[in-house]
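Student: Contents of my_file27.cif (mmCIF, C-alpha atoms):
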```cif
data_run
loop_
_atom_site.group_PDB
_atom_site.id
_atom_site.type_symbol
_atom_site.label_atom_id
_atom_site.label_comp_id
_atom_site.auth_asym_id
_atom_site.auth_seq_id
_atom_site.Cartn_x
_atom_site.Cartn_y
_atom_site.Cartn_z
ATOM 1 C CA MET U 1 -91.857 155.551 -62.110
ATOM 2 C CA TYR U 2 -92.540 153.601 -65.322
ATOM 3 C CA VAL U 3 -89.470 151.407 -64.820
ATOM 4 C CA TYR U 4 -90.424 150.691 -61.217
ATOM 5 C CA CYS U 5 -93.956 149.609 -62.241
ATOM 6 C CA ASN U 6 -92.558 147.428 -64.999
ATOM 7 C CA ILE U 7 -90.130 145.676 -62.651
ATOM 8 C CA TYR U 8 -92.834 145.249 -60.011
ATOM 9 C CA ILE U 9 -95.225 143.679 -62.532
ATOM 10 C CA GLN U 10 -92.483 141.332 -63.786
ATOM 11 C CA CYS U 11 -91.712 140.200 -60.231
ATOM 12 C CA ILE U 12 -95.399 139.517 -59.528
ATOM 13 C CA LEU U 13 -95.732 137.543 -62.783
ATOM 14 C CA GLN U 14 -92.678 135.445 -61.985
ATOM 15 C CA LYS U 15 -93.888 134.847 -58.450
ATOM 16 C CA ASN U 16 -97.326 133.704 -59.628
ATOM 17 C CA ALA U 17 -96.114 131.729 -62.612
ATOM 18 C CA ARG U 18 -96.835 128.022 -62.675
ATOM 19 C CA LYS U 19 -94.015 125.913 -61.424
ATOM 20 C CA PRO U 20 -93.057 123.024 -63.730
ATOM 21 C CA GLN U 21 -94.248 119.690 -62.461
ATOM 22 C CA PRO U 22 -91.443 117.278 -61.628
ATOM 23 C CA GLN U 23 -91.163 114.558 -64.222
ATOM 24 C CA PRO U 24 -91.771 111.056 -62.926
ATOM 25 C CA HIS U 25 -88.698 108.888 -62.846
ATOM 26 C CA LEU U 26 -88.772 106.814 -66.016
ATOM 27 C CA PRO U 27 -87.151 103.401 -66.028
ATOM 28 C CA THR U 28 -83.888 103.127 -67.900
ATOM 29 C CA PHE U 29 -83.137 100.213 -70.154
ATOM 30 C CA SER U 30 -79.802 98.864 -71.275
ATOM 31 C CA PRO U 31 -79.004 98.869 -75.002
ATOM 32 C CA ARG U 32 -79.338 95.068 -74.997
ATOM 33 C CA GLN U 33 -82.871 95.309 -73.554
ATOM 34 C CA LEU U 34 -83.805 97.991 -76.100
ATOM 35 C CA LEU U 35 -82.568 95.783 -78.937
ATOM 36 C CA ALA U 36 -84.639 92.872 -77.612
ATOM 37 C CA PHE U 37 -87.744 95.112 -77.605
ATOM 38 C CA PHE U 38 -86.913 96.273 -81.126
ATOM 39 C CA LEU U 39 -86.590 92.697 -82.393
ATOM 40 C CA GLN U 40 -89.900 91.763 -80.784
ATOM 41 C CA LEU U 41 -91.673 94.715 -82.385
ATOM 42 C CA LEU U 42 -90.039 94.466 -85.805
ATOM 43 C CA PRO U 43 -88.435 91.112 -86.621
ATOM 44 C CA ALA U 44 -86.101 91.145 -89.621
ATOM 45 C CA ARG U 45 -88.244 88.544 -91.429
ATOM 46 C CA ALA U 46 -91.348 90.715 -91.050
ATOM 47 C CA LEU U 47 -89.480 93.686 -92.485
ATOM 48 C CA ALA U 48 -88.287 91.645 -95.474
ATOM 49 C CA ARG U 49 -91.870 90.551 -96.193
ATOM 50 C CA LEU U 50 -93.179 94.096 -96.574
ATOM 51 C CA PRO U 51 -94.610 94.465 -100.088
ATOM 52 C CA SER U 52 -92.778 97.715 -100.740
ATOM 53 C CA LEU U 53 -89.412 96.066 -99.990
ATOM 54 C CA GLN U 54 -89.952 92.818 -101.895
ATOM 55 C CA THR U 55 -89.241 94.444 -105.239
ATOM 56 C CA LYS U 56 -86.157 96.291 -103.932
ATOM 57 C CA ARG U 57 -82.664 94.898 -103.942
ATOM 58 C CA PHE U 58 -80.093 96.041 -101.438
ATOM 59 C CA TYR U 59 -76.432 95.373 -101.928
ATOM 60 C CA GLN U 60 -74.563 93.871 -99.012
ATOM 61 C CA ARG U 61 -73.240 96.618 -96.793
ATOM 62 C CA LEU U 62 -72.491 96.994 -93.110
ATOM 63 C CA PHE U 63 -75.377 99.308 -92.275
ATOM 64 C CA THR U 64 -78.405 97.628 -93.792
ATOM 65 C CA PRO U 65 -81.769 99.410 -93.652
ATOM 66 C CA LEU U 66 -82.673 97.417 -90.518
ATOM 67 C CA ILE U 67 -79.456 98.364 -88.707
ATOM 68 C CA THR U 68 -79.836 101.987 -89.773
ATOM 69 C CA LEU U 69 -83.382 102.024 -88.417
ATOM 70 C CA TRP U 70 -82.192 100.424 -85.170
ATOM 71 C CA TYR U 71 -79.478 103.015 -84.630
ATOM 72 C CA LEU U 72 -81.841 105.900 -85.389
ATOM 73 C CA LEU U 73 -84.054 104.597 -82.587
ATOM 74 C CA PHE U 74 -81.045 103.811 -80.393
ATOM 75 C CA GLN U 75 -79.828 107.394 -80.585
ATOM 76 C CA ARG U 76 -83.191 108.700 -79.449
ATOM 77 C CA LEU U 77 -83.704 106.165 -76.652
ATOM 78 C CA ASN U 78 -80.161 106.157 -75.311
ATOM 79 C CA SER U 79 -79.223 108.717 -72.660
ATOM 80 C CA ASP U 80 -76.314 109.857 -74.862
ATOM 81 C CA HIS U 81 -77.916 110.911 -78.163
ATOM 82 C CA SER U 82 -74.644 111.373 -80.037
ATOM 83 C CA LEU U 83 -73.489 109.503 -83.118
ATOM 84 C CA GLU U 84 -70.333 108.601 -81.218
ATOM 85 C CA ALA U 85 -72.407 106.655 -78.662
ATOM 86 C CA ALA U 86 -74.188 104.771 -81.459
ATOM 87 C CA LEU U 87 -70.904 103.862 -83.169
ATOM 88 C CA THR U 88 -69.350 102.842 -79.867
ATOM 89 C CA ASN U 89 -72.308 100.538 -79.278
ATOM 90 C CA ALA U 90 -71.919 99.087 -82.777
ATOM 91 C CA ARG U 91 -68.182 98.504 -82.261
ATOM 92 C CA ASP U 92 -68.913 96.815 -78.916
ATOM 93 C CA GLY U 93 -71.225 94.312 -80.605
ATOM 94 C CA GLY U 94 -74.520 96.025 -79.865
ATOM 95 C CA ALA U 95 -76.082 95.148 -83.218
ATOM 96 C CA ASP U 96 -74.428 91.799 -83.815
ATOM 97 C CA ALA U 97 -77.840 90.185 -83.223
ATOM 98 C CA LEU U 98 -79.088 92.000 -86.331
ATOM 99 C CA ARG U 99 -76.023 91.319 -88.454
ATOM 100 C CA PRO U 100 -73.519 88.785 -87.094
ATOM 101 C CA GLY U 101 -69.959 90.045 -87.191
ATOM 102 C CA LEU U 102 -70.851 93.717 -87.640
ATOM 103 C CA SER U 103 -68.635 94.820 -84.767
ATOM 104 C CA ARG U 104 -65.575 93.048 -86.240
ATOM 105 C CA GLN U 105 -66.104 94.665 -89.653
ATOM 106 C CA LEU U 106 -66.295 98.252 -88.401
ATOM 107 C CA SER U 107 -62.880 99.808 -88.660
ATOM 108 C CA SER U 108 -63.490 103.565 -88.760
ATOM 109 C CA ARG U 109 -62.728 105.740 -85.744
ATOM 110 C CA LEU U 110 -64.162 109.141 -84.924
#
```
Can you dump the structure from the file as structure tokens?

Tutor:
Amino acid sequence: MYVYCNIYIQCILQKNARKPQPQPHLPTFSPRQLLAFFLQLLPARALARLPSLQTKRFYQRLFTPLITLWYLLFQRLNSDHSLEAALTNARDGGADALRPGLSRQLSSRL
């Protein structure tokens, strides 16, 4: 009898539970459009003028702090959140607007 009451109560709870509301269809943006938004919100010159970064020196490397920040955001905003998708975008020239020639200098493969 106890098991029957338990199952009955569970069925009633599931039946009366709130149904999740369907999510509205959000617009999708291409990586190029996302990069344009990123550059509008945080231009490289504005980042270089931050007081905390003016006393820092960064050696020349492929993934500068700006490119690293871009690809952290790219991974979150892109439909494929994997590192492989971010590197594929970089190899295809996705961040060449931030650092010209980046895609030609990347030679590693996953």

Student: Might you pull out every residue within 12 Å of region 47-54 of chain U, with only C-alpha atoms counted and same-chain residues fewer than 3 positions away left off, and present them as number ranges by chain?

Tutor: U: 38-44, 57-58, 64-67, 69

Student: Apply the PyMOL selection byres ((chain U and resi 74) around 10) to the structure shown and report the selected residues as a list in words.

Tutor: Pro31, Leu34, Leu35, Phe38, Thr68, Leu69, Trp70, Tyr71, Leu72, Leu73, Gln75, Arg76, Leu77, Asn78, Ser79, Asp80, His81, Ser82, Leu83, Ala85, Ala86 and Asn89 of chain U

Student: Next, the residues of the selection above should be written as an mmCIF file, in the frame of the given file with C-alpha atoms.

Tutor:
```
data_model
loop_
_atom_site.group_PDB
_atom_site.id
_atom_site.type_symbol
_atom_site.label_atom_id
_atom_site.label_comp_id
_atom_site.auth_asym_id
_atom_site.auth_seq_id
_atom_site.Cartn_x
_atom_site.Cartn_y
_atom_site.Cartn_z
ATOM 1 C CA PRO U 31 -79.004 98.869 -75.002
ATOM 2 C CA LEU U 34 -83.805 97.991 -76.100
ATOM 3 C CA LEU U 35 -82.568 95.783 -78.937
ATOM 4 C CA PHE U 38 -86.913 96.273 -81.126
ATOM 5 C CA THR U 68 -79.836 101.987 -89.773
ATOM 6 C CA LEU U 69 -83.382 102.024 -88.417
ATOM 7 C CA TRP U 70 -82.192 100.424 -85.170
ATOM 8 C CA TYR U 71 -79.478 103.015 -84.630
ATOM 9 C CA LEU U 72 -81.841 105.900 -85.389
ATOM 10 C CA LEU U 73 -84.054 104.597 -82.587
ATOM 11 C CA GLN U 75 -79.828 107.394 -80.585
ATOM 12 C CA ARG U 76 -83.191 108.700 -79.449
ATOM 13 C CA LEU U 77 -83.704 106.165 -76.652
ATOM 14 C CA ASN U 78 -80.161 106.157 -75.311
ATOM 15 C CA SER U 79 -79.223 108.717 -72.660
ATOM 16 C CA ASP U 80 -76.314 109.857 -74.862
ATOM 17 C CA HIS U 81 -77.916 110.911 -78.163
ATOM 18 C CA SER U 82 -74.644 111.373 -80.037
ATOM 19 C CA LEU U 83 -73.489 109.503 -83.118
ATOM 20 C CA ALA U 85 -72.407 106.655 -78.662
ATOM 21 C CA ALA U 86 -74.188 104.771 -81.459
ATOM 22 C CA ASN U 89 -72.308 100.538 -79.278
#
```

Student: Draw an axis-aligned box tight on the listed atoms of region 89-100 of chain U, then pad every side by 4 Å and write out centre and edge lengths in Å to one decimal as lines of an AutoDock Vina configuration file.

Tutor:
```
center_x = -73.6
center_y = 94.7
center_z = -83.7
size_x = 18.9
size_y = 19.8
size_z = 17.5
```

Student: Mind pulling up the distance from CA of Lys56 (chain U) to CA of Leu87 (chain U)?

Tutor: 26.9 Å

Student: Quick one: distance from CA of Arg32 (chain U) to CA of Leu62 (chain U) in Å, one decimal?

Tutor: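 Taking CA of Arg32 (chain U) and CA of Leu62 (chain U), their separation equals 19.5 Å.
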
Student: For CA of Gln60 (chain U) and CA of Pro100 (chain U), quote the distance in Å rounded to one decimal.

Tutor: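 According to the coordinates, CA of Gln60 (chain U) and CA of Pro100 (chain U) are separated by 13.0 Å.
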